[in-house]
>>> print(open('work.pdb').read())   # PDB, C-alpha atoms
MODEL        1
ATOM      1  CA  MET A   1       0.000   0.000   0.000
ATOM      2  CA  THR A   2       1.365   3.389  -1.004
ATOM      3  CA  SER A   3       1.652   6.232   1.503
ATOM      4  CA  LYS A   4      -1.132   8.047  -0.354
ATOM      5  CA  LYS A   5      -3.556   5.130  -0.028
ATOM      6  CA  LEU A   6      -2.536   4.591   3.590
ATOM      7  CA  ALA A   7      -3.244   8.226   4.437
ATOM      8  CA  ILE A   8      -6.682   7.987   2.774
ATOM      9  CA  ALA A   9      -7.513   4.751   4.631
ATOM     10  CA  VAL A  10      -6.425   6.051   8.050
ATOM     11  CA  MET A  11      -8.233   9.365   7.648
ATOM     12  CA  ALA A  12     -11.398   7.610   6.456
ATOM     13  CA  VAL A  13     -11.439   5.244   9.461
ATOM     14  CA  LEU A  14     -10.942   8.138  11.882
ATOM     15  CA  LEU A  15     -13.585  10.250  10.155
ATOM     16  CA  VAL A  16     -16.217   7.496  10.335
ATOM     17  CA  GLN A  17     -15.770   7.273  14.086
ATOM     18  CA  ALA A  18     -15.701  11.059  14.453
ATOM     19  CA  ILE A  19     -18.962  11.508  12.545
ATOM     20  CA  PHE A  20     -20.893   9.034  14.701
ATOM     21  CA  LEU A  21     -19.392  10.319  17.948
ATOM     22  CA  SER A  22     -20.080  13.927  16.966
ATOM     23  CA  SER A  23     -23.744  13.043  16.475
ATOM     24  CA  PHE A  24     -23.750  11.321  19.870
ATOM     25  CA  ARG A  25     -22.070  14.323  21.521
ATOM     26  CA  ALA A  26     -24.580  16.728  19.962
ATOM     27  CA  LEU A  27     -27.510  14.901  21.599
ATOM     28  CA  VAL A  28     -26.271  13.461  24.873
ATOM     29  CA  PHE A  29     -26.089  16.792  26.751
ATOM     30  CA  ASN A  30     -28.957  18.498  24.882
ATOM     31  CA  ALA A  31     -31.771  19.218  27.373
ATOM     32  CA  GLY A  32     -34.171  20.325  24.621
ATOM     33  CA  TYR A  33     -33.688  17.030  22.832
ATOM     34  CA  TYR A  34     -34.521  15.014  25.961
ATOM     35  CA  GLN A  35     -37.620  17.100  26.576
ATOM     36  CA  SER A  36     -38.906  16.496  23.055
ATOM     37  CA  LYS A  37     -38.316  12.759  23.470
ATOM     38  CA  PHE A  38     -39.984  12.755  26.890
ATOM     39  CA  SER A  39     -43.101  14.034  25.148
ATOM     40  CA  ASP A  40     -42.827  11.356  22.455
ATOM     41  CA  VAL A  41     -42.323   8.382  24.800
ATOM     42  CA  GLY A  42     -44.783   9.463  27.516
ATOM     43  CA  THR A  43     -42.250  10.303  30.226
ATOM     44  CA  TYR A  44     -44.208  13.348  31.394
ATOM     45  CA  CYS A  45     -47.210  11.091  32.068
ATOM     46  CA  ARG A  46     -45.119   8.853  34.333
ATOM     47  CA  VAL A  47     -42.880  11.457  36.021
ATOM     48  CA  GLN A  48     -44.514  14.729  36.998
ATOM     49  CA  ASP A  49     -41.238  16.562  37.712
ATOM     50  CA  ALA A  50     -39.342  15.006  34.805
ATOM     51  CA  ASP A  51     -37.643  18.282  33.846
ATOM     52  CA  SER A  52     -36.220  18.734  37.356
ATOM     53  CA  VAL A  53     -34.917  15.170  37.354
ATOM     54  CA  LEU A  54     -33.436  15.729  33.894
ATOM     55  CA  ASP A  55     -31.631  18.869  35.112
ATOM     56  CA  ASP A  56     -30.181  16.804  37.960
ATOM     57  CA  ILE A  57     -28.991  14.074  35.565
ATOM     58  CA  LEU A  58     -27.439  16.422  33.013
ATOM     59  CA  SER A  59     -25.670  18.455  35.703
ATOM     60  CA  TYR A  60     -24.227  15.217  37.051
ATOM     61  CA  LEU A  61     -23.180  13.890  33.635
ATOM     62  CA  LYS A  62     -21.505  17.207  32.761
ATOM     63  CA  GLY A  63     -19.558  17.111  36.027
ATOM     64  CA  ASP A  64     -21.287  20.166  37.496
ATOM     65  CA  LYS A  65     -22.272  18.209  40.604
ATOM     66  CA  PRO A  66     -20.651  15.209  42.335
ATOM     67  CA  ALA A  67     -23.729  13.022  42.783
ATOM     68  CA  LEU A  68     -27.358  12.525  41.841
ATOM     69  CA  GLN A  69     -30.087  13.496  44.270
ATOM     70  CA  ALA A  70     -30.943  10.569  46.532
ATOM     71  CA  ALA A  71     -34.572  11.724  46.487
ATOM     72  CA  TYR A  72     -34.804  10.699  42.826
ATOM     73  CA  PHE A  73     -32.617   7.597  42.566
ATOM     74  CA  ASN A  74     -31.826   4.554  44.673
ATOM     75  CA  GLN A  75     -28.316   3.203  45.202
ATOM     76  CA  ARG A  76     -28.370   0.784  42.252
ATOM     77  CA  GLU A  77     -29.585   3.484  39.890
ATOM     78  CA  SER A  78     -26.938   5.918  41.117
ATOM     79  CA  SER A  79     -24.271   3.254  40.684
ATOM     80  CA  HIS A  80     -25.365   2.595  37.110
ATOM     81  CA  MET A  81     -25.438   6.303  36.321
ATOM     82  CA  SER A  82     -21.875   6.522  37.605
ATOM     83  CA  ASP A  83     -20.948   3.886  35.009
ATOM     84  CA  VAL A  84     -22.889   5.802  32.355
ATOM     85  CA  LYS A  85     -21.038   8.997  33.244
ATOM     86  CA  LYS A  86     -17.695   7.211  32.848
ATOM     87  CA  PHE A  87     -18.785   5.760  29.495
ATOM     88  CA  ILE A  88     -19.878   9.169  28.179
ATOM     89  CA  GLY A  89     -16.649  10.734  29.432
ATOM     90  CA  ILE A  90     -14.576   8.123  27.608
ATOM     91  CA  ALA A  91     -16.625   8.569  24.411
ATOM     92  CA  VAL A  92     -16.309  12.372  24.464
ATOM     93  CA  ASN A  93     -12.582  12.281  25.264
ATOM     94  CA  TYR A  94     -12.075   9.775  22.454
ATOM     95  CA  LEU A  95     -13.863  12.182  20.107
ATOM     96  CA  TYR A  96     -11.427  14.927  21.110
ATOM     97  CA  LEU A  97      -8.548  12.514  20.539
ATOM     98  CA  LEU A  98      -9.918  11.710  17.080
ATOM     99  CA  ALA A  99     -10.171  15.423  16.291
ATOM    100  CA  ALA A 100      -6.559  15.956  17.345
ATOM    101  CA  ALA A 101      -5.385  12.945  15.322
ATOM    102  CA  LEU A 102      -7.288  14.133  12.242
ATOM    103  CA  ALA A 103      -5.865  17.644  12.597
ATOM    104  CA  LEU A 104      -2.338  16.258  12.847
ATOM    105  CA  LEU A 105      -2.832  13.910   9.899
ATOM    106  CA  ALA A 106      -4.371  16.700   7.815
ATOM    107  CA  ALA A 107      -1.378  18.924   8.605
ATOM    108  CA  LEU A 108       0.949  16.200   7.360
ATOM    109  CA  VAL A 109      -1.129  15.629   4.230
ATOM    110  CA  LEU A 110      -1.163  19.355   3.427
ATOM    111  CA  ARG A 111       2.616  19.226   3.106
ATOM    112  CA  ASP A 112       2.169  17.054   0.010
ATOM    113  CA  ARG A 113       1.217  19.788  -2.455
ATOM    114  CA  LYS A 114       0.786  17.378  -5.336
ATOM    115  CA  ASN A 115      -1.633  14.909  -3.701
ATOM    116  CA  ARG A 116      -3.139  16.722  -0.703
ATOM    117  CA  ARG A 117      -6.384  17.726  -2.402
ATOM    118  CA  ARG A 118      -7.085  14.229  -3.666
ATOM    119  CA  ILE A 119      -6.153  12.599  -0.336
ATOM    120  CA  LEU A 120      -8.438  14.853   1.687
ATOM    121  CA  LEU A 121     -11.368  14.646  -0.717
ATOM    122  CA  ASN A 122     -11.088  10.868  -1.172
ATOM    123  CA  SER A 123     -10.942  10.434   2.596
ATOM    124  CA  LEU A 124     -14.115  12.485   2.981
ATOM    125  CA  ALA A 125     -15.890  10.604   0.197
ATOM    126  CA  ILE A 126     -14.952   7.133   1.470
ATOM    127  CA  SER A 127     -15.761   7.889   5.116
ATOM    128  CA  SER A 128     -19.080   9.509   4.178
ATOM    129  CA  LEU A 129     -20.081   6.523   2.070
ATOM    130  CA  ALA A 130     -19.094   4.175   4.912
ATOM    131  CA  VAL A 131     -21.242   6.111   7.404
ATOM    132  CA  ILE A 132     -24.233   5.940   5.061
ATOM    133  CA  ILE A 133     -23.761   2.178   4.565
ATOM    134  CA  ILE A 134     -23.363   1.519   8.302
ATOM    135  CA  SER A 135     -26.384   3.673   9.153
ATOM    136  CA  SER A 136     -28.463   1.908   6.512
ATOM    137  CA  ALA A 137     -27.439  -1.487   7.855
ATOM    138  CA  MET A 138     -28.412  -0.408  11.370
ATOM    139  CA  PHE A 139     -31.804   0.784  10.115
ATOM    140  CA  ILE A 140     -32.377  -2.589   8.451
ATOM    141  CA  ALA A 141     -31.436  -4.321  11.714
ATOM    142  CA  SER A 142     -33.765  -2.116  13.779
ATOM    143  CA  ASN A 143     -36.146  -5.041  14.370
ATOM    144  CA  SER A 144     -33.336  -6.605  16.394
ATOM    145  CA  PHE A 145     -32.877  -3.506  18.544
ATOM    146  CA  PRO A 146     -33.661  -5.235  21.887
ATOM    147  CA  LEU A 147     -30.959  -7.814  21.181
ATOM    148  CA  LEU A 148     -28.462  -5.174  20.014
ATOM    149  CA  PHE A 149     -29.301  -3.019  23.040
ATOM    150  CA  GLU A 150     -28.597  -5.950  25.339
ATOM    151  CA  LYS A 151     -25.279  -6.693  23.601
ATOM    152  CA  PHE A 152     -24.296  -3.047  23.913
ATOM    153  CA  HIS A 153     -24.859  -3.147  27.663
ATOM    154  CA  LEU A 154     -22.986  -6.420  28.030
ATOM    155  CA  SER A 155     -20.044  -4.862  26.171
ATOM    156  CA  PHE A 156     -19.740  -1.780  28.380
ATOM    157  CA  PHE A 157     -21.412  -2.565  31.713
ATOM    158  CA  LYS A 158     -21.291  -5.367  34.252
ATOM    159  CA  PRO A 159     -24.083  -7.955  33.792
ATOM    160  CA  GLY A 160     -27.174  -7.177  35.837
ATOM    161  CA  THR A 161     -26.142  -3.641  36.811
ATOM    162  CA  TYR A 162     -28.349  -2.077  34.133
ATOM    163  CA  LEU A 163     -31.576  -4.001  34.813
ATOM    164  CA  PHE A 164     -34.260  -2.275  36.874
ATOM    165  CA  PRO A 165     -37.962  -2.808  37.676
ATOM    166  CA  ASP A 166     -40.495  -0.650  35.839
ATOM    167  CA  SER A 167     -41.176   1.325  39.023
ATOM    168  CA  ASN A 168     -37.632   2.721  39.212
ATOM    169  CA  MET A 169     -37.014   6.312  38.136
ATOM    170  CA  LEU A 170     -34.548   5.461  35.345
ATOM    171  CA  ILE A 171     -37.063   3.194  33.609
ATOM    172  CA  ARG A 172     -39.900   5.686  34.062
ATOM    173  CA  LEU A 173     -37.729   8.405  32.522
ATOM    174  CA  PHE A 174     -36.022   6.352  29.838
ATOM    175  CA  PRO A 175     -38.042   3.380  28.563
ATOM    176  CA  GLU A 176     -36.505   1.233  25.854
ATOM    177  CA  ARG A 177     -38.315   3.245  23.187
ATOM    178  CA  PHE A 178     -36.328   6.331  24.241
ATOM    179  CA  PHE A 179     -33.025   4.572  23.503
ATOM    180  CA  TYR A 180     -34.382   3.235  20.230
ATOM    181  CA  GLU A 181     -35.218   6.776  19.117
ATOM    182  CA  PHE A 182     -31.935   8.123  20.505
ATOM    183  CA  THR A 183     -29.995   5.585  18.436
ATOM    184  CA  TYR A 184     -32.190   6.272  15.404
ATOM    185  CA  ASP A 185     -31.535  10.020  15.662
ATOM    186  CA  ILE A 186     -27.777   9.497  15.950
ATOM    187  CA  LEU A 187     -27.871   7.393  12.775
ATOM    188  CA  ILE A 188     -30.090   9.887  10.928
ATOM    189  CA  ASN A 189     -27.921  12.857  11.898
ATOM    190  CA  SER A 190     -24.765  10.966  10.954
ATOM    191  CA  ALA A 191     -26.200   9.844   7.609
ATOM    192  CA  VAL A 192     -27.415  13.349   6.729
ATOM    193  CA  ALA A 193     -24.047  14.903   7.592
ATOM    194  CA  ALA A 194     -22.291  12.156   5.636
ATOM    195  CA  GLY A 195     -24.587  12.684   2.658
ATOM    196  CA  ILE A 196     -23.724  16.373   2.520
ATOM    197  CA  MET A 197     -20.012  15.587   2.867
ATOM    198  CA  LEU A 198     -20.234  12.951   0.130
ATOM    199  CA  ILE A 199     -21.917  15.314  -2.336
ATOM    200  CA  LEU A 200     -19.395  18.084  -1.653
ATOM    201  CA  SER A 201     -16.365  15.793  -1.806
ATOM    202  CA  LEU A 202     -17.493  14.199  -5.099
ATOM    203  CA  PHE A 203     -18.199  17.632  -6.554
ATOM    204  CA  PHE A 204     -14.729  18.914  -5.691
ATOM    205  CA  LEU A 205     -13.070  15.649  -6.780
ATOM    206  CA  ARG A 206     -14.703  15.995 -10.167
ATOM    207  CA  ARG A 207     -13.631  19.615 -10.303
ATOM    208  CA  THR A 208     -10.070  18.637  -9.367
ATOM    209  CA  LYS A 209      -9.926  16.042 -12.146
ATOM    210  CA  GLY A 210     -11.150  18.644 -14.621
ATOM    211  CA  MET A 211      -8.471  21.096 -13.513
ATOM    212  CA  GLU A 212      -5.768  18.411 -13.815
ATOM    213  CA  LYS A 213      -6.880  17.489 -17.347
ATOM    214  CA  LYS A 214      -6.891  21.145 -18.319
ATOM    215  CA  LYS A 215      -3.338  21.567 -17.067
ATOM    216  CA  LYS A 216      -2.168  18.496 -19.011
ATOM    217  CA  ARG A 217      -3.666  19.852 -22.240
ATOM    218  CA  GLN A 218      -1.932  23.179 -21.684
ATOM    219  CA  VAL A 219       1.393  21.415 -21.199
TER     220      VAL A 219
ENDMDL
END
>>> encode(input="work.pdb", output="structure tokens")
Amino acid sequence: MTSKKLAIAVMAVLLVQAIFLSSFRALVFNAGYYQSKFSDVGTYCRVQDADSVLDDILSYLKGDKPALQAAYFNQRESSHMSDVKKFIGIAVNYLYLLAAALALLAALVLRDRKNRRRILLNSLAISSLAVIIISSAMFIASNSFPLLFEKFHLSFFKPGTYLFPDSNMLIRLFPERFFYEFTYDILINSAVAAGIMLILSLFFLRRTKGMEKKKKRQV
């Protein structure tokens, strides 16, 4: 594999991850988003002070407060939310690491005046297409969401620590349908962003080829 192809492959892999994680980051701390979903999934019918509880959760997840209010959550719920906070922190920090790695790689690619345009545009096109394919595959597999949701928890949390009775606050706030729609929205946002990136990258790739042909004819 040539250095040019390697640079395209590495940038594409990093970009795919960055696109999905950016969509996740845009929603996970967005109070307005949660409130709209609470209306959709019936949370306000089950929890009268849902907005106050949400403020408590988001403040905790953002690190603005050290613990959740004991009046809202029992010990097992608080323990699970501690694990969730760690998971979100790792995901967000990894996104920042991806951004730094992409910036560094882009700086290196820009030093190659001959190939930099093609490398950057091909990386964008390939990563965008990959995001669209992955999102489409996830949509097709949506009927298996309960199974995928369970596997996700088994991958990142200790068995049994994420299971709660229907009467617990976490389940009343966030039924399974909430996480289905949360995942769906991440995929939609990622696919839309990727679609725009794909159109732009293909447009400029075509333009670049035209410019290169024009230069060859002039020579």
>>> atom_distance(input="work.pdb", atom1="CA of Ser128 in chain A", atom2="CA of Leu198 in chain A")
5.4 Å
>>> residues_around(input="work.pdb", residues="range 103-119 of chain A", least_positions_apart="4", cutoff="7 Å", atoms="all atoms listed in the file", output="PyMOL selection string")
chain A and resi 4+8+99+123+205
>>> closest_atom_pairs(input="work.pdb", of="range 79-180 of chain A", to="range 58-69 of chain A", cutoff="9 Å", atoms="all atoms listed in the file", output="CSV")
residue,atom,partner,partner_atom,distance
A:Met81,CA,A:Leu61,CA,8.4
A:Ser82,CA,A:Leu61,CA,8.5
A:Val84,CA,A:Leu61,CA,8.2
A:Lys85,CA,A:Leu61,CA,5.4
A:Lys86,CA,A:Leu61,CA,8.7
A:Ile88,CA,A:Leu61,CA,7.9
A:Gly89,CA,A:Leu61,CA,8.4
>>> residues_around(input="work.pdb", residues="Ser136 in chain A", least_positions_apart="6", cutoff="10 Å", atoms="only C-alpha atoms", output="ChimeraX atom specification")
/A:130,142,187-188,191
>>> residues_around(input="work.pdb", residues="Asp185 in chain A", least_positions_apart="2", cutoff="12 Å", atoms="all atoms listed in the file", output="MDAnalysis selection string")
chainID A and resid 20 23:28 33:34 37 135 138:139 178:183 187:192
>>> axis_aligned_box(input="work.pdb", around="range 85-96 of chain A", padding_each_side="3 Å", output="JSON")
{"center_x": -16.2, "center_y": 10.3, "center_z": 26.7, "size_x": 15.6, "size_y": 15.2, "size_z": 19.1}
>>> closest_residue(input="work.pdb", among="A:Leu147, A:Ala91, A:Leu154, A:Val10", to="Ile126 in chain A", atoms="all atoms listed in the file")
A:Val10
>>> resolve_selection(input="work.pdb", expression="the PyMOL selection byres ((chain A and resi 72) around 12)", output="number ranges by chain")
A: 47, 49-50, 52-57, 67-71, 73-78, 167-170, 172-173
>>> write_last_selection(input="work.pdb", atoms="C-alpha atoms", output="short mmCIF file (atom, residue, chain, number, x, y, z; two decimals), in the frame of the given file")
data_model
loop_
_atom_site.label_atom_id
_atom_site.label_comp_id
_atom_site.auth_asym_id
_atom_site.auth_seq_id
_atom_site.Cartn_x
_atom_site.Cartn_y
_atom_site.Cartn_z
CA VAL A 47 -42.88 11.46 36.02
CA ASP A 49 -41.24 16.56 37.71
CA ALA A 50 -39.34 15.01 34.80
CA SER A 52 -36.22 18.73 37.36
CA VAL A 53 -34.92 15.17 37.35
CA LEU A 54 -33.44 15.73 33.89
CA ASP A 55 -31.63 18.87 35.11
CA ASP A 56 -30.18 16.80 37.96
CA ILE A 57 -28.99 14.07 35.56
CA ALA A 67 -23.73 13.02 42.78
CA LEU A 68 -27.36 12.52 41.84
CA GLN A 69 -30.09 13.50 44.27
CA ALA A 70 -30.94 10.57 46.53
CA ALA A 71 -34.57 11.72 46.49
CA PHE A 73 -32.62 7.60 42.57
CA ASN A 74 -31.83 4.55 44.67
CA GLN A 75 -28.32 3.20 45.20
CA ARG A 76 -28.37 0.78 42.25
CA GLU A 77 -29.58 3.48 39.89
CA SER A 78 -26.94 5.92 41.12
CA SER A 167 -41.18 1.32 39.02
CA ASN A 168 -37.63 2.72 39.21
CA MET A 169 -37.01 6.31 38.14
CA LEU A 170 -34.55 5.46 35.34
CA ARG A 172 -39.90 5.69 34.06
CA LEU A 173 -37.73 8.40 32.52
#
>>> build_atoms(input="work.pdb", residues="range 35-61 of chain A", atoms="N, CA and C atoms", output="PDB file, in the coordinates of the input")
ATOM      1  N   GLN A  35     -36.252  16.663  26.314  1.00  0.00           N
ATOM      2  CA  GLN A  35     -37.620  17.100  26.576  1.00  0.00           C
ATOM      3  C   GLN A  35     -38.552  16.737  25.429  1.00  0.00           C
ATOM      4  N   SER A  36     -38.075  16.873  24.207  1.00  0.00           N
ATOM      5  CA  SER A  36     -38.906  16.496  23.055  1.00  0.00           C
ATOM      6  C   SER A  36     -39.164  14.996  23.047  1.00  0.00           C
ATOM      7  N   LYS A  37     -38.150  14.215  23.423  1.00  0.00           N
ATOM      8  CA  LYS A  37     -38.316  12.759  23.470  1.00  0.00           C
ATOM      9  C   LYS A  37     -39.196  12.335  24.636  1.00  0.00           C
ATOM     10  N   PHE A  38     -39.115  13.052  25.748  1.00  0.00           N
ATOM     11  CA  PHE A  38     -39.984  12.755  26.890  1.00  0.00           C
ATOM     12  C   PHE A  38     -41.454  12.887  26.475  1.00  0.00           C
ATOM     13  N   SER A  39     -41.734  13.864  25.648  1.00  0.00           N
ATOM     14  CA  SER A  39     -43.101  14.034  25.148  1.00  0.00           C
ATOM     15  C   SER A  39     -43.479  12.874  24.241  1.00  0.00           C
ATOM     16  N   ASP A  40     -42.548  12.437  23.417  1.00  0.00           N
ATOM     17  CA  ASP A  40     -42.827  11.356  22.455  1.00  0.00           C
ATOM     18  C   ASP A  40     -43.062  10.018  23.143  1.00  0.00           C
ATOM     19  N   VAL A  41     -42.268   9.719  24.180  1.00  0.00           N
ATOM     20  CA  VAL A  41     -42.323   8.382  24.800  1.00  0.00           C
ATOM     21  C   VAL A  41     -43.184   8.345  26.060  1.00  0.00           C
ATOM     22  N   GLY A  42     -43.856   9.458  26.383  1.00  0.00           N
ATOM     23  CA  GLY A  42     -44.783   9.463  27.516  1.00  0.00           C
ATOM     24  C   GLY A  42     -44.154   9.639  28.876  1.00  0.00           C
ATOM     25  N   THR A  43     -42.930  10.136  28.936  1.00  0.00           N
ATOM     26  CA  THR A  43     -42.250  10.303  30.226  1.00  0.00           C
ATOM     27  C   THR A  43     -42.994  11.271  31.141  1.00  0.00           C
ATOM     28  N   TYR A  44     -43.521  12.343  30.568  1.00  0.00           N
ATOM     29  CA  TYR A  44     -44.208  13.348  31.394  1.00  0.00           C
ATOM     30  C   TYR A  44     -45.472  12.792  32.041  1.00  0.00           C
ATOM     31  N   CYS A  45     -46.038  11.735  31.462  1.00  0.00           N
ATOM     32  CA  CYS A  45     -47.210  11.091  32.068  1.00  0.00           C
ATOM     33  C   CYS A  45     -46.814  10.235  33.263  1.00  0.00           C
ATOM     34  N   ARG A  46     -45.588   9.736  33.255  1.00  0.00           N
ATOM     35  CA  ARG A  46     -45.119   8.853  34.333  1.00  0.00           C
ATOM     36  C   ARG A  46     -44.375   9.601  35.436  1.00  0.00           C
ATOM     37  N   VAL A  47     -43.695  10.700  35.059  1.00  0.00           N
ATOM     38  CA  VAL A  47     -42.880  11.457  36.021  1.00  0.00           C
ATOM     39  C   VAL A  47     -43.308  12.924  35.949  1.00  0.00           C
ATOM     40  N   GLN A  48     -43.957  13.374  37.014  1.00  0.00           N
ATOM     41  CA  GLN A  48     -44.514  14.729  36.998  1.00  0.00           C
ATOM     42  C   GLN A  48     -43.423  15.802  36.939  1.00  0.00           C
ATOM     43  N   ASP A  49     -42.336  15.583  37.678  1.00  0.00           N
ATOM     44  CA  ASP A  49     -41.238  16.562  37.712  1.00  0.00           C
ATOM     45  C   ASP A  49     -40.055  16.103  36.862  1.00  0.00           C
ATOM     46  N   ALA A  50     -40.372  15.584  35.677  1.00  0.00           N
ATOM     47  CA  ALA A  50     -39.342  15.006  34.805  1.00  0.00           C
ATOM     48  C   ALA A  50     -38.253  16.011  34.442  1.00  0.00           C
ATOM     49  N   ASP A  51     -38.637  17.268  34.226  1.00  0.00           N
ATOM     50  CA  ASP A  51     -37.643  18.282  33.846  1.00  0.00           C
ATOM     51  C   ASP A  51     -36.643  18.541  34.973  1.00  0.00           C
ATOM     52  N   SER A  52     -37.117  18.537  36.207  1.00  0.00           N
ATOM     53  CA  SER A  52     -36.220  18.734  37.356  1.00  0.00           C
ATOM     54  C   SER A  52     -35.252  17.565  37.498  1.00  0.00           C
ATOM     55  N   VAL A  53     -35.776  16.361  37.282  1.00  0.00           N
ATOM     56  CA  VAL A  53     -34.917  15.170  37.354  1.00  0.00           C
ATOM     57  C   VAL A  53     -33.894  15.198  36.222  1.00  0.00           C
ATOM     58  N   LEU A  54     -34.340  15.630  35.043  1.00  0.00           N
ATOM     59  CA  LEU A  54     -33.436  15.729  33.894  1.00  0.00           C
ATOM     60  C   LEU A  54     -32.318  16.730  34.184  1.00  0.00           C
ATOM     61  N   ASP A  55     -32.649  17.870  34.762  1.00  0.00           N
ATOM     62  CA  ASP A  55     -31.631  18.869  35.112  1.00  0.00           C
ATOM     63  C   ASP A  55     -30.601  18.262  36.060  1.00  0.00           C
ATOM     64  N   ASP A  56     -31.078  17.457  36.999  1.00  0.00           N
ATOM     65  CA  ASP A  56     -30.181  16.804  37.960  1.00  0.00           C
ATOM     66  C   ASP A  56     -29.242  15.834  37.239  1.00  0.00           C
ATOM     67  N   ILE A  57     -29.793  15.060  36.310  1.00  0.00           N
ATOM     68  CA  ILE A  57     -28.991  14.074  35.565  1.00  0.00           C
ATOM     69  C   ILE A  57     -27.945  14.758  34.699  1.00  0.00           C
ATOM     70  N   LEU A  58     -28.372  15.759  33.932  1.00  0.00           N
ATOM     71  CA  LEU A  58     -27.439  16.422  33.013  1.00  0.00           C
ATOM     72  C   LEU A  58     -26.341  17.168  33.773  1.00  0.00           C
ATOM     73  N   SER A  59     -26.687  17.780  34.885  1.00  0.00           N
ATOM     74  CA  SER A  59     -25.670  18.455  35.703  1.00  0.00           C
ATOM     75  C   SER A  59     -24.646  17.449  36.208  1.00  0.00           C
ATOM     76  N   TYR A  60     -25.126  16.277  36.579  1.00  0.00           N
ATOM     77  CA  TYR A  60     -24.227  15.217  37.051  1.00  0.00           C
ATOM     78  C   TYR A  60     -23.346  14.692  35.920  1.00  0.00           C
ATOM     79  N   LEU A  61     -23.942  14.435  34.761  1.00  0.00           N
ATOM     80  CA  LEU A  61     -23.180  13.890  33.635  1.00  0.00           C
ATOM     81  C   LEU A  61     -22.133  14.883  33.128  1.00  0.00           C
TER      82      LEU A  61
END
